[in-house]
Structure formats: C-alpha cells, structure tokens
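**Student:** Handing over entry-v8.txt, compact mmCIF, C-alpha atoms.
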```txt
# COMPACT_ATOMS: atom_id res chain seq x y z
CA MET A 13 119.68 110.26 76.38
CA THR A 14 117.68 110.57 79.59
CA TYR A 15 117.08 114.11 80.81
CA ILE A 16 118.05 114.57 84.46
CA PRO A 17 116.20 117.38 86.26
CA ARG A 18 118.53 119.94 87.85
CA PHE A 19 117.82 122.55 90.48
CA THR A 20 118.55 126.06 89.20
CA ARG A 21 118.85 127.46 92.72
CA VAL A 22 120.60 125.36 95.36
CA TYR A 23 120.97 126.14 99.05
CA HIS A 24 121.82 122.60 100.18
CA PRO A 25 124.07 120.94 97.55
CA GLU A 26 124.28 117.47 99.12
CA LEU A 27 120.52 117.22 99.48
CA ALA A 28 120.08 118.52 95.93
CA ALA A 29 122.39 115.83 94.54
CA LYS A 30 120.45 113.08 96.33
CA MET A 31 117.17 114.41 95.00
CA GLU A 32 118.36 114.79 91.41
CA ALA A 33 119.38 111.12 91.47
CA ARG A 34 115.91 110.05 92.60
CA VAL A 35 113.55 112.03 90.36
CA THR A 36 112.58 111.63 86.73
CA LEU A 37 110.95 114.09 84.35
CA ASP A 38 107.39 113.53 83.15
CA THR A 39 107.59 115.02 79.65
CA VAL A 40 103.81 115.54 79.51
CA SER A 41 103.17 117.32 82.81
CA GLY A 42 106.69 118.62 83.43
CA CYS A 43 106.62 117.11 86.92
CA TRP A 44 109.75 115.79 88.59
CA ASN A 45 108.37 112.50 89.87
CA TRP A 46 109.93 110.85 92.91
CA THR A 47 111.13 107.37 91.93
CA LYS A 48 111.80 105.88 95.36
CA GLY A 49 109.41 105.11 98.20
CA VAL A 50 106.00 106.78 98.35
CA ASN A 51 103.35 106.50 101.04
CA SER A 52 99.71 105.56 100.49
CA ASP A 53 98.89 109.20 99.68
CA GLY A 54 101.51 109.25 96.92
CA TYR A 55 104.04 111.49 98.70
CA GLY A 56 107.71 110.61 98.35
CA TYR A 57 109.77 109.88 101.43
CA GLY A 58 113.16 108.55 102.46
CA LEU A 59 115.27 111.72 102.66
CA TYR A 60 116.83 113.07 105.82
CA PHE A 61 117.99 116.59 106.59
CA GLU A 62 119.71 117.48 109.85
CA GLY A 63 118.67 114.15 111.35
CA LYS A 64 114.98 114.45 110.51
CA GLN A 65 113.09 112.65 107.76
CA HIS A 66 111.10 114.86 105.39
CA ARG A 67 108.75 114.22 102.52
CA ALA A 68 110.45 114.51 99.15
CA HIS A 69 108.58 117.60 97.99
CA ARG A 70 109.46 119.41 101.22
CA CYS A 71 113.12 118.59 100.60
CA ALA A 72 112.78 120.06 97.11
CA TYR A 73 111.40 123.26 98.60
CA LEU A 74 114.21 123.27 101.16
CA VAL A 75 116.86 122.92 98.44
CA SER A 76 115.46 125.73 96.29
CA MET A 77 114.32 128.16 99.00
CA GLY A 78 116.87 127.53 101.74
CA ASP A 79 114.41 126.92 104.57
CA LEU A 80 111.01 125.43 105.27
CA PRO A 81 107.97 127.56 106.13
CA PRO A 82 106.45 127.38 109.63
CA THR A 83 104.45 124.21 110.23
CA GLU A 84 101.22 126.22 110.06
CA PHE A 85 101.80 126.67 106.32
CA PRO A 86 101.89 123.44 104.28
CA ILE A 87 103.64 123.21 100.92
CA ARG A 88 101.03 122.78 98.20
CA HIS A 89 101.35 120.95 94.89
CA LEU A 90 100.10 123.33 92.20
CA CYS A 91 100.19 120.39 89.78
CA SER A 92 98.04 118.19 92.08
CA ASN A 93 100.69 115.48 91.85
CA PRO A 94 101.90 114.49 95.35
CA ALA A 95 104.97 112.70 93.95
CA CYS A 96 106.20 115.85 92.18
CA CYS A 97 109.37 117.53 93.46
CA ARG A 98 109.72 120.29 90.88
CA PRO A 99 110.26 123.59 92.75
CA ASP A 100 108.06 125.74 90.51
CA HIS A 101 105.21 123.27 90.99
CA LEU A 102 105.30 123.93 94.75
CA ALA A 103 103.94 126.84 96.77
CA VAL A 104 103.38 127.68 100.41
CA GLY A 105 99.71 127.84 101.33
CA THR A 106 97.26 127.36 104.15
CA HIS A 107 95.67 124.17 105.44
CA ALA A 108 92.37 125.35 103.94
CA GLU A 109 93.96 125.80 100.50
CA ASN A 110 95.69 122.45 100.80
CA ALA A 111 92.39 120.77 101.65
CA ASP A 112 90.74 122.46 98.66
CA ASP A 113 93.55 121.20 96.40
CA THR A 114 92.91 117.65 97.57
CA ILE A 115 89.17 117.93 96.95
CA LYS A 116 89.59 119.51 93.50
CA ALA A 117 92.08 116.82 92.48
CA GLY A 118 89.70 114.09 93.63
CA ARG A 119 92.26 112.63 96.01
CA ARG A 120 91.38 111.05 99.34
CA ARG A 121 93.95 110.47 102.04
CA SER A 122 92.86 106.99 102.97
CA CYS A 123 95.59 106.44 105.56
CA ARG A 124 94.41 109.34 107.67
CA THR A 125 92.43 108.57 110.78
CA PRO A 126 89.37 110.59 111.82
CA PHE A 127 91.58 112.15 114.51
CA ALA A 128 94.07 113.40 111.91
CA GLN A 129 91.26 114.74 109.73
CA ARG A 130 89.74 116.66 112.63
CA ARG A 131 93.13 118.04 113.57
CA GLU A 132 93.75 119.38 110.05
CA ARG A 133 90.24 120.80 109.92
CA ALA A 134 90.81 122.68 113.18
CA ALA A 135 94.09 124.13 111.86
CA ALA A 136 92.36 125.17 108.63
CA MET A 137 89.51 126.87 110.51
CA ARG A 138 91.98 128.97 112.51
CA GLN A 139 93.76 130.10 109.37
CA LEU A 140 90.60 130.90 107.44
CA GLY A 141 89.51 133.78 109.68
CA GLY A 142 86.26 135.68 109.26
CA ARG A 143 82.91 135.16 110.96
CA ILE A 144 82.21 132.02 112.96
CA GLU A 145 79.04 131.44 110.93
CA GLU A 146 81.04 131.46 107.69
CA ILE A 147 83.72 129.15 109.09
CA ALA A 148 81.10 126.68 110.32
CA ALA A 149 79.35 126.67 106.95
CA ARG A 150 82.62 126.27 105.05
CA PHE A 151 83.62 123.16 107.01
CA ASN A 152 80.10 121.80 107.55
CA VAL A 153 80.31 121.85 111.34
CA SER A 154 78.21 123.48 114.05
CA GLN A 155 78.97 127.05 115.07
CA SER A 156 79.92 125.86 118.56
CA THR A 157 82.46 123.41 117.10
CA ALA A 158 83.95 126.13 114.92
CA ARG A 159 84.01 128.65 117.77
CA ARG A 160 85.79 126.27 120.17
CA ALA A 161 88.38 125.35 117.54
CA VAL A 162 89.09 128.96 116.58
CA ARG A 163 89.37 130.14 120.19
CA GLY A 164 91.58 127.24 121.26
CA GLN A 165 89.02 125.72 123.61
CA THR A 166 89.63 122.53 121.66
CA TRP A 167 92.87 121.49 119.97
CA ALA A 168 94.83 123.69 122.35
CA GLN A 169 98.09 122.10 121.16
CA LEU A 170 97.69 123.64 117.70
CA PRO A 171 99.10 127.13 117.03
CA GLY A 172 97.07 130.12 115.93
CA ALA A 173 94.24 130.17 118.47
CA ARG A 174 92.93 133.68 119.06
CA ASP A 175 90.20 135.35 121.05
CA ALA A 176 87.24 136.19 118.85
CA LYS A 177 85.21 139.37 118.92
CA PRO A 178 81.41 139.11 119.08
CA ASN A 179 81.14 139.62 115.33
CA GLY A 180 83.49 136.70 114.71
CA GLU A 181 86.52 138.72 113.64
CA HIS A 182 89.86 138.17 115.33
CA LYS A 183 91.76 140.67 117.39
CA ARG A 184 95.01 141.74 115.78
CA LYS A 185 98.08 143.22 117.39
CA LEU A 186 99.47 144.59 114.15
CA THR A 187 98.35 147.80 112.47
CA LYS A 188 98.27 148.68 108.78
CA GLU A 189 101.42 150.74 109.28
CA ASP A 190 103.11 147.74 110.92
CA VAL A 191 102.14 145.52 107.99
CA ARG A 192 103.57 147.93 105.41
CA ALA A 193 106.79 148.26 107.41
CA ILE A 194 107.12 144.48 107.77
CA ARG A 195 106.74 143.93 104.03
CA ALA A 196 109.33 146.58 103.27
CA SER A 197 111.81 145.29 105.85
CA THR A 198 114.91 143.21 105.09
CA GLU A 199 114.97 141.68 108.58
CA THR A 200 114.28 137.98 109.10
CA ASN A 201 110.86 136.78 110.20
CA LYS A 202 112.27 135.93 113.62
CA GLU A 203 113.71 139.41 114.07
CA LEU A 204 110.46 141.03 112.97
CA ALA A 205 108.46 138.76 115.27
CA THR A 206 110.56 139.93 118.21
CA ARG A 207 110.25 143.56 117.17
CA TYR A 208 106.46 143.52 116.84
CA GLY A 209 105.67 141.05 119.61
CA VAL A 210 104.00 138.43 117.41
CA THR A 211 104.92 134.95 116.22
CA ALA A 212 107.19 134.22 113.27
CA ALA A 213 104.22 132.47 111.67
CA ALA A 214 102.22 135.70 111.85
CA ILE A 215 105.07 137.60 110.19
CA HIS A 216 105.32 134.95 107.47
CA ALA A 217 101.59 135.25 106.81
CA VAL A 218 101.91 139.02 106.43
CA VAL A 219 104.91 138.82 104.08
CA ALA A 220 103.33 136.06 101.99
CA ARG A 221 100.05 138.04 101.93
CA LYS A 222 98.14 135.21 103.52
CA SER A 223 96.86 137.78 105.99
CA TRP A 224 96.22 141.52 105.63
CA ARG A 225 95.62 141.04 101.91
CA HIS A 226 93.70 144.30 101.74
CA VAL A 227 96.78 146.32 102.72
CA ASP A 228 99.01 147.45 99.84
```
Do you think you could lay out the structure here as structure tokens?
**Tutor:**
Amino acid sequence: MTYIPRFTRVYHPELAAKMEARVTLDTVSGCWNWTKGVNSDGYGYGLYFEGKQHRAHRCAYLVSMGDLPPTEFPIRHLCSNPACCRPDHLAVGTHAENADDTIKAGRRRSCRTPFAQRRERAAAMRQLGGRIEEIAARFNVSQSTARRAVRGQTWAQLPGARDAKPNGEHKRKLTKEDVRAIRASTETNKELATRYGVTAAAIHAVVARKSWRHVD
C-alpha cells in the first residue's frame, strides 16, 4: 500500500487536496517530492491560488501556515531538496540564508540571468545589515557597490533600502521596548506596522527574530 502524505494542519483544504494528490514520500529522506512539473532548478510548479501561480513548496507553506511571508523573506528548504513540499522541511529565511543554502548544497541556478543574480544579491545585502566593509567582503563586491545597493542608490525598486550611518550601521525607528512589545503582541503584522510606523516586513523580521536578535 502506497503511503500518501497528509497535512496535519490545513488552512486551505482545496489546495491541500490538490497537493496531496501530487506528492510522494521519499522513505529515505522523508521529503514529500513533487511529482508534476518542475523547472530547471528543480522547483515544482503548476498550482494556482487566488488566480496566481505559485511554486509547489510555497503552496505547501501556504496550506500549513495560512499565509505567505512578505516577498523579502524567501521560503528555504532545510532538506536542500527544491522539489520537497513537506511543511516541516520548510522555513522562512533571508535571501542571504537562501543563497548560502544553495552554495552548501552545491546547486547552481543555471536558468538565472546575471541580472537576476545581481538582483538577489542586492536584496541579500540589504537584509544582512552590519558594516559596509563586511557586506562587501561577504558578497565579494566593492564597498561602493555594496553601499549603493544598501542605500537604494541602485536597485531602487527593491524593498528594504535604508540610510546608512558613517560606521555602516542602519538607522532604526524601533526601540528595544518596541521590539519586546511587538513580540508579546497578539495583533497582526499589518496592525503593528501601522501602530509603529514601519513596514509589515520589518515587523515580520522582528517577530521571526531575523532582526533585533540581541533583544530578549
């Protein structure tokens, strides 16, 4: 008898049923492998939600968590298997972490153009934070390239650009007290963003401890 993977937590039943019919269990890795179309990077596709096509693993996250994270935060594969749709093999991360996952797994995204690679690198530099010198060294670019990307002088269409202080650290609107209150709140990210005058992505980063990690 073939084992059919089942979601234990379901927010979108119709989407869950479609996914369960299109995944199969890898008994060695425990992955739920997508059995339909995959792109050249190995990611499953072919599912629509509210009129928009999503990658299969993002649909799995949507089914089990109820909503997708802001676009600034990609969904990582902890198993390093892009075809996997198992919810506990997925986690929200940063572009920098996602890039590190790809490097560690030895995967190259051959279908990506240099433009797309530069775009992802710019997004990752903005999320990394810290000193410009450290960012430039991390991504093997000049300090001027890193500085322009972080400050939004290039790639202005990407979110997250901030003014940088002379020492390379970013200005922040939130205080430590704000951060503690946000993490203790039961309000939605959108409501908190309105309350504190920041973006929903910034609130998500605080709650997920992608920023302000030093604050308890």
**Student:** Restricting the calculation to only C-alpha atoms: of A:Asp228, A:Asp79, A:Asp53, A:Asp112, which residue gets closest to A:Ala193?
**Tutor:** A:Asp228
**Student:** Need to verify the contact set: A:Val75, 9 Å, all atoms listed in the file, exclusion of same-chain residues closer than 2 positions in sequence. Can you return it as a list in words?
**Tutor:**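 The neighbour list is Phe19, Arg21, Val22, Tyr23, His24, Pro25, Leu27, Ala28, Arg70, Cys71, Ala72, Tyr73, Met77, Gly78, Asp79 and Pro99 of chain A.
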**Student:** With distances taken over all atoms listed in the file, which residue among A:Arg67, A:His107, A:His216, A:His101 lies nearest A:Pro86?
**Tutor:**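 Of the candidates, the smallest distance to A:Pro86 is held by A:His107.
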**Student:** Interatomic distance between atom CA of A:Leu186 and atom CA of A:Phe85?
**Tutor:** 19.7 Å
**Student:** Find the residue from A:Leu170, A:Arg163, A:Glu84, A:Ala220 that sits nearest to A:Ile194; use all atoms listed in the file when measuring.
**Tutor:** A:Ala220
**Student:** Set the distance at 9 Å and use only C-alpha atoms: which residues neighbour A:Ala68 once local chain neighbours fewer than 4 positions away are removed? I'd like the list as an MDAnalysis selection string.
**Tutor:** chainID A and resid 31 46 50 55:59 72:73 95:97
**Student:** Report, in Å with one decimal, the straight-line distance from atom CA of A:Asn201 to atom CA of A:Ala217.
**Tutor:** 10.0 Å
**Student:** Expressed in Å to a single decimal, how great is the separation between atom CA of A:Gly142 and atom CA of A:Asp190?
**Tutor:**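 Computing it gives 20.8 Å between the two atoms.
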**Student:** Using all atoms listed in the file, pick whichever of A:Thr20, A:Val227, A:Ile144, A:Arg98 has the shortest atom-to-atom distance to A:Val35.
**Tutor:**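 Distance minimum relative to A:Val35 lands on A:Arg98.
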**Student:** Write out as an MDAnalysis selection string the residues lying within 12 Å of A:His226, counting only C-alpha atoms and excluding same-chain residues fewer than 2 positions away.
**Tutor:** chainID A and resid 188 191:192 218 221:224 228
**Student:** Taking 3 positions as the minimum chain separation for residues in the same chain, which residues sit within 10 Å of A:Arg88 when counting only C-alpha atoms? Answer as a VMD selection string.
**Tutor:** chain A and resid 69 to 70 85 91 to 94 101 to 107 109 to 111 113 to 114
**Student:** Neighbours of A:Lys202 within 8 Å (all atoms listed in the file; same-chain residues fewer than 3 positions away dropped), as a list in words?
**Tutor:** Ala205, Thr206, Thr211 and Ala212 of chain A
**Student:** Add whatever atoms are absent from stretch 23-34 of chain A to reach all heavy atoms, and provide the output as a PDB file, in the coordinates of the input.
**Tutor:**
```
ATOM      1  N   TYR A  23     120.488 125.699  97.749  1.00  0.00           N
ATOM      2  CA  TYR A  23     120.970 126.140  99.050  1.00  0.00           C
ATOM      3  C   TYR A  23     121.625 125.006  99.833  1.00  0.00           C
ATOM      4  O   TYR A  23     122.411 125.251 100.745  1.00  0.00           O
ATOM      5  CB  TYR A  23     119.815 126.715  99.879  1.00  0.00           C
ATOM      6  CG  TYR A  23     119.369 128.088  99.443  1.00  0.00           C
ATOM      7  CD1 TYR A  23     118.351 128.243  98.504  1.00  0.00           C
ATOM      8  CD2 TYR A  23     119.967 129.231  99.957  1.00  0.00           C
ATOM      9  CE1 TYR A  23     117.933 129.505  98.102  1.00  0.00           C
ATOM     10  CE2 TYR A  23     119.562 130.501  99.563  1.00  0.00           C
ATOM     11  CZ  TYR A  23     118.544 130.624  98.638  1.00  0.00           C
ATOM     12  OH  TYR A  23     118.139 131.872  98.237  1.00  0.00           O
ATOM     13  N   HIS A  24     121.284 123.773  99.481  1.00  0.00           N
ATOM     14  CA  HIS A  24     121.820 122.600 100.180  1.00  0.00           C
ATOM     15  C   HIS A  24     122.308 121.604  99.125  1.00  0.00           C
ATOM     16  O   HIS A  24     121.548 120.717  98.701  1.00  0.00           O
ATOM     17  CB  HIS A  24     120.755 121.982 101.081  1.00  0.00           C
ATOM     18  CG  HIS A  24     120.168 122.942 102.073  1.00  0.00           C
ATOM     19  ND1 HIS A  24     120.844 123.352 103.207  1.00  0.00           N
ATOM     20  CD2 HIS A  24     118.974 123.602 102.077  1.00  0.00           C
ATOM     21  CE1 HIS A  24     120.086 124.203 103.884  1.00  0.00           C
ATOM     22  NE2 HIS A  24     118.954 124.373 103.216  1.00  0.00           N
ATOM     23  N   PRO A  25     123.557 121.734  98.670  1.00  0.00           N
ATOM     24  CA  PRO A  25     124.070 120.940  97.550  1.00  0.00           C
ATOM     25  C   PRO A  25     123.975 119.427  97.732  1.00  0.00           C
ATOM     26  O   PRO A  25     123.611 118.711  96.790  1.00  0.00           O
ATOM     27  CB  PRO A  25     125.538 121.392  97.444  1.00  0.00           C
ATOM     28  CG  PRO A  25     125.554 122.764  98.047  1.00  0.00           C
ATOM     29  CD  PRO A  25     124.549 122.720  99.147  1.00  0.00           C
ATOM     30  N   GLU A  26     124.316 118.918  98.918  1.00  0.00           N
ATOM     31  CA  GLU A  26     124.280 117.470  99.120  1.00  0.00           C
ATOM     32  C   GLU A  26     122.860 116.925  98.996  1.00  0.00           C
ATOM     33  O   GLU A  26     122.633 115.878  98.379  1.00  0.00           O
ATOM     34  CB  GLU A  26     124.865 117.120 100.496  1.00  0.00           C
ATOM     35  CG  GLU A  26     126.365 117.366 100.606  1.00  0.00           C
ATOM     36  CD  GLU A  26     126.921 116.892 101.938  1.00  0.00           C
ATOM     37  OE1 GLU A  26     126.167 116.244 102.701  1.00  0.00           O
ATOM     38  OE2 GLU A  26     128.101 117.163 102.220  1.00  0.00           O
ATOM     39  N   LEU A  27     121.919 117.635  99.571  1.00  0.00           N
ATOM     40  CA  LEU A  27     120.520 117.220  99.480  1.00  0.00           C
ATOM     41  C   LEU A  27     120.037 117.314  98.036  1.00  0.00           C
ATOM     42  O   LEU A  27     119.302 116.442  97.552  1.00  0.00           O
ATOM     43  CB  LEU A  27     119.660 118.087 100.391  1.00  0.00           C
ATOM     44  CG  LEU A  27     118.177 117.716 100.506  1.00  0.00           C
ATOM     45  CD1 LEU A  27     118.014 116.297 101.030  1.00  0.00           C
ATOM     46  CD2 LEU A  27     117.459 118.700 101.426  1.00  0.00           C
ATOM     47  N   ALA A  28     120.467 118.350  97.329  1.00  0.00           N
ATOM     48  CA  ALA A  28     120.080 118.520  95.930  1.00  0.00           C
ATOM     49  C   ALA A  28     120.575 117.355  95.079  1.00  0.00           C
ATOM     50  O   ALA A  28     119.848 116.827  94.226  1.00  0.00           O
ATOM     51  CB  ALA A  28     120.628 119.836  95.385  1.00  0.00           C
ATOM     52  N   ALA A  29     121.814 116.931  95.312  1.00  0.00           N
ATOM     53  CA  ALA A  29     122.390 115.830  94.540  1.00  0.00           C
ATOM     54  C   ALA A  29     121.616 114.530  94.776  1.00  0.00           C
ATOM     55  O   ALA A  29     121.364 113.760  93.841  1.00  0.00           O
ATOM     56  CB  ALA A  29     123.857 115.644  94.915  1.00  0.00           C
ATOM     57  N   LYS A  30     121.226 114.292  96.020  1.00  0.00           N
ATOM     58  CA  LYS A  30     120.450 113.080  96.330  1.00  0.00           C
ATOM     59  C   LYS A  30     119.100 113.121  95.626  1.00  0.00           C
ATOM     60  O   LYS A  30     118.630 112.111  95.099  1.00  0.00           O
ATOM     61  CB  LYS A  30     120.254 112.967  97.841  1.00  0.00           C
ATOM     62  CG  LYS A  30     121.520 112.646  98.614  1.00  0.00           C
ATOM     63  CD  LYS A  30     121.231 112.577 100.108  1.00  0.00           C
ATOM     64  CE  LYS A  30     122.498 112.279 100.900  1.00  0.00           C
ATOM     65  NZ  LYS A  30     122.235 112.243 102.366  1.00  0.00           N
ATOM     66  N   MET A  31     118.488 114.294  95.614  1.00  0.00           N
ATOM     67  CA  MET A  31     117.170 114.410  95.000  1.00  0.00           C
ATOM     68  C   MET A  31     117.246 114.241  93.482  1.00  0.00           C
ATOM     69  O   MET A  31     116.416 113.566  92.876  1.00  0.00           O
ATOM     70  CB  MET A  31     116.540 115.760  95.342  1.00  0.00           C
ATOM     71  CG  MET A  31     116.192 115.921  96.804  1.00  0.00           C
ATOM     72  SD  MET A  31     114.777 117.007  97.020  1.00  0.00           S
ATOM     73  CE  MET A  31     113.464 116.055  96.267  1.00  0.00           C
ATOM     74  N   GLU A  32     118.235 114.865  92.869  1.00  0.00           N
ATOM     75  CA  GLU A  32     118.360 114.790  91.410  1.00  0.00           C
ATOM     76  C   GLU A  32     118.575 113.353  90.944  1.00  0.00           C
ATOM     77  O   GLU A  32     118.200 112.998  89.820  1.00  0.00           O
ATOM     78  CB  GLU A  32     119.503 115.686  90.951  1.00  0.00           C
ATOM     79  CG  GLU A  32     119.174 117.169  91.087  1.00  0.00           C
ATOM     80  CD  GLU A  32     120.365 118.071  90.838  1.00  0.00           C
ATOM     81  OE1 GLU A  32     121.501 117.554  90.749  1.00  0.00           O
ATOM     82  OE2 GLU A  32     120.170 119.296  90.744  1.00  0.00           O
ATOM     83  N   ALA A  33     119.153 112.523  91.814  1.00  0.00           N
ATOM     84  CA  ALA A  33     119.380 111.120  91.470  1.00  0.00           C
ATOM     85  C   ALA A  33     118.133 110.266  91.653  1.00  0.00           C
ATOM     86  O   ALA A  33     118.103 109.108  91.232  1.00  0.00           O
ATOM     87  CB  ALA A  33     120.521 110.556  92.315  1.00  0.00           C
ATOM     88  N   ARG A  34     117.099 110.841  92.261  1.00  0.00           N
ATOM     89  CA  ARG A  34     115.910 110.050  92.600  1.00  0.00           C
ATOM     90  C   ARG A  34     114.628 110.601  91.989  1.00  0.00           C
ATOM     91  O   ARG A  34     113.536 110.200  92.388  1.00  0.00           O
ATOM     92  CB  ARG A  34     115.769 109.972  94.121  1.00  0.00           C
ATOM     93  CG  ARG A  34     116.989 109.358  94.793  1.00  0.00           C
ATOM     94  CD  ARG A  34     116.849 109.321  96.298  1.00  0.00           C
ATOM     95  NE  ARG A  34     118.093 108.904  96.931  1.00  0.00           N
ATOM     96  CZ  ARG A  34     118.247 108.701  98.238  1.00  0.00           C
ATOM     97  NH1 ARG A  34     117.220 108.877  99.052  1.00  0.00           N
ATOM     98  NH2 ARG A  34     119.415 108.332  98.728  1.00  0.00           N
TER      99      ARG A  34
END
```
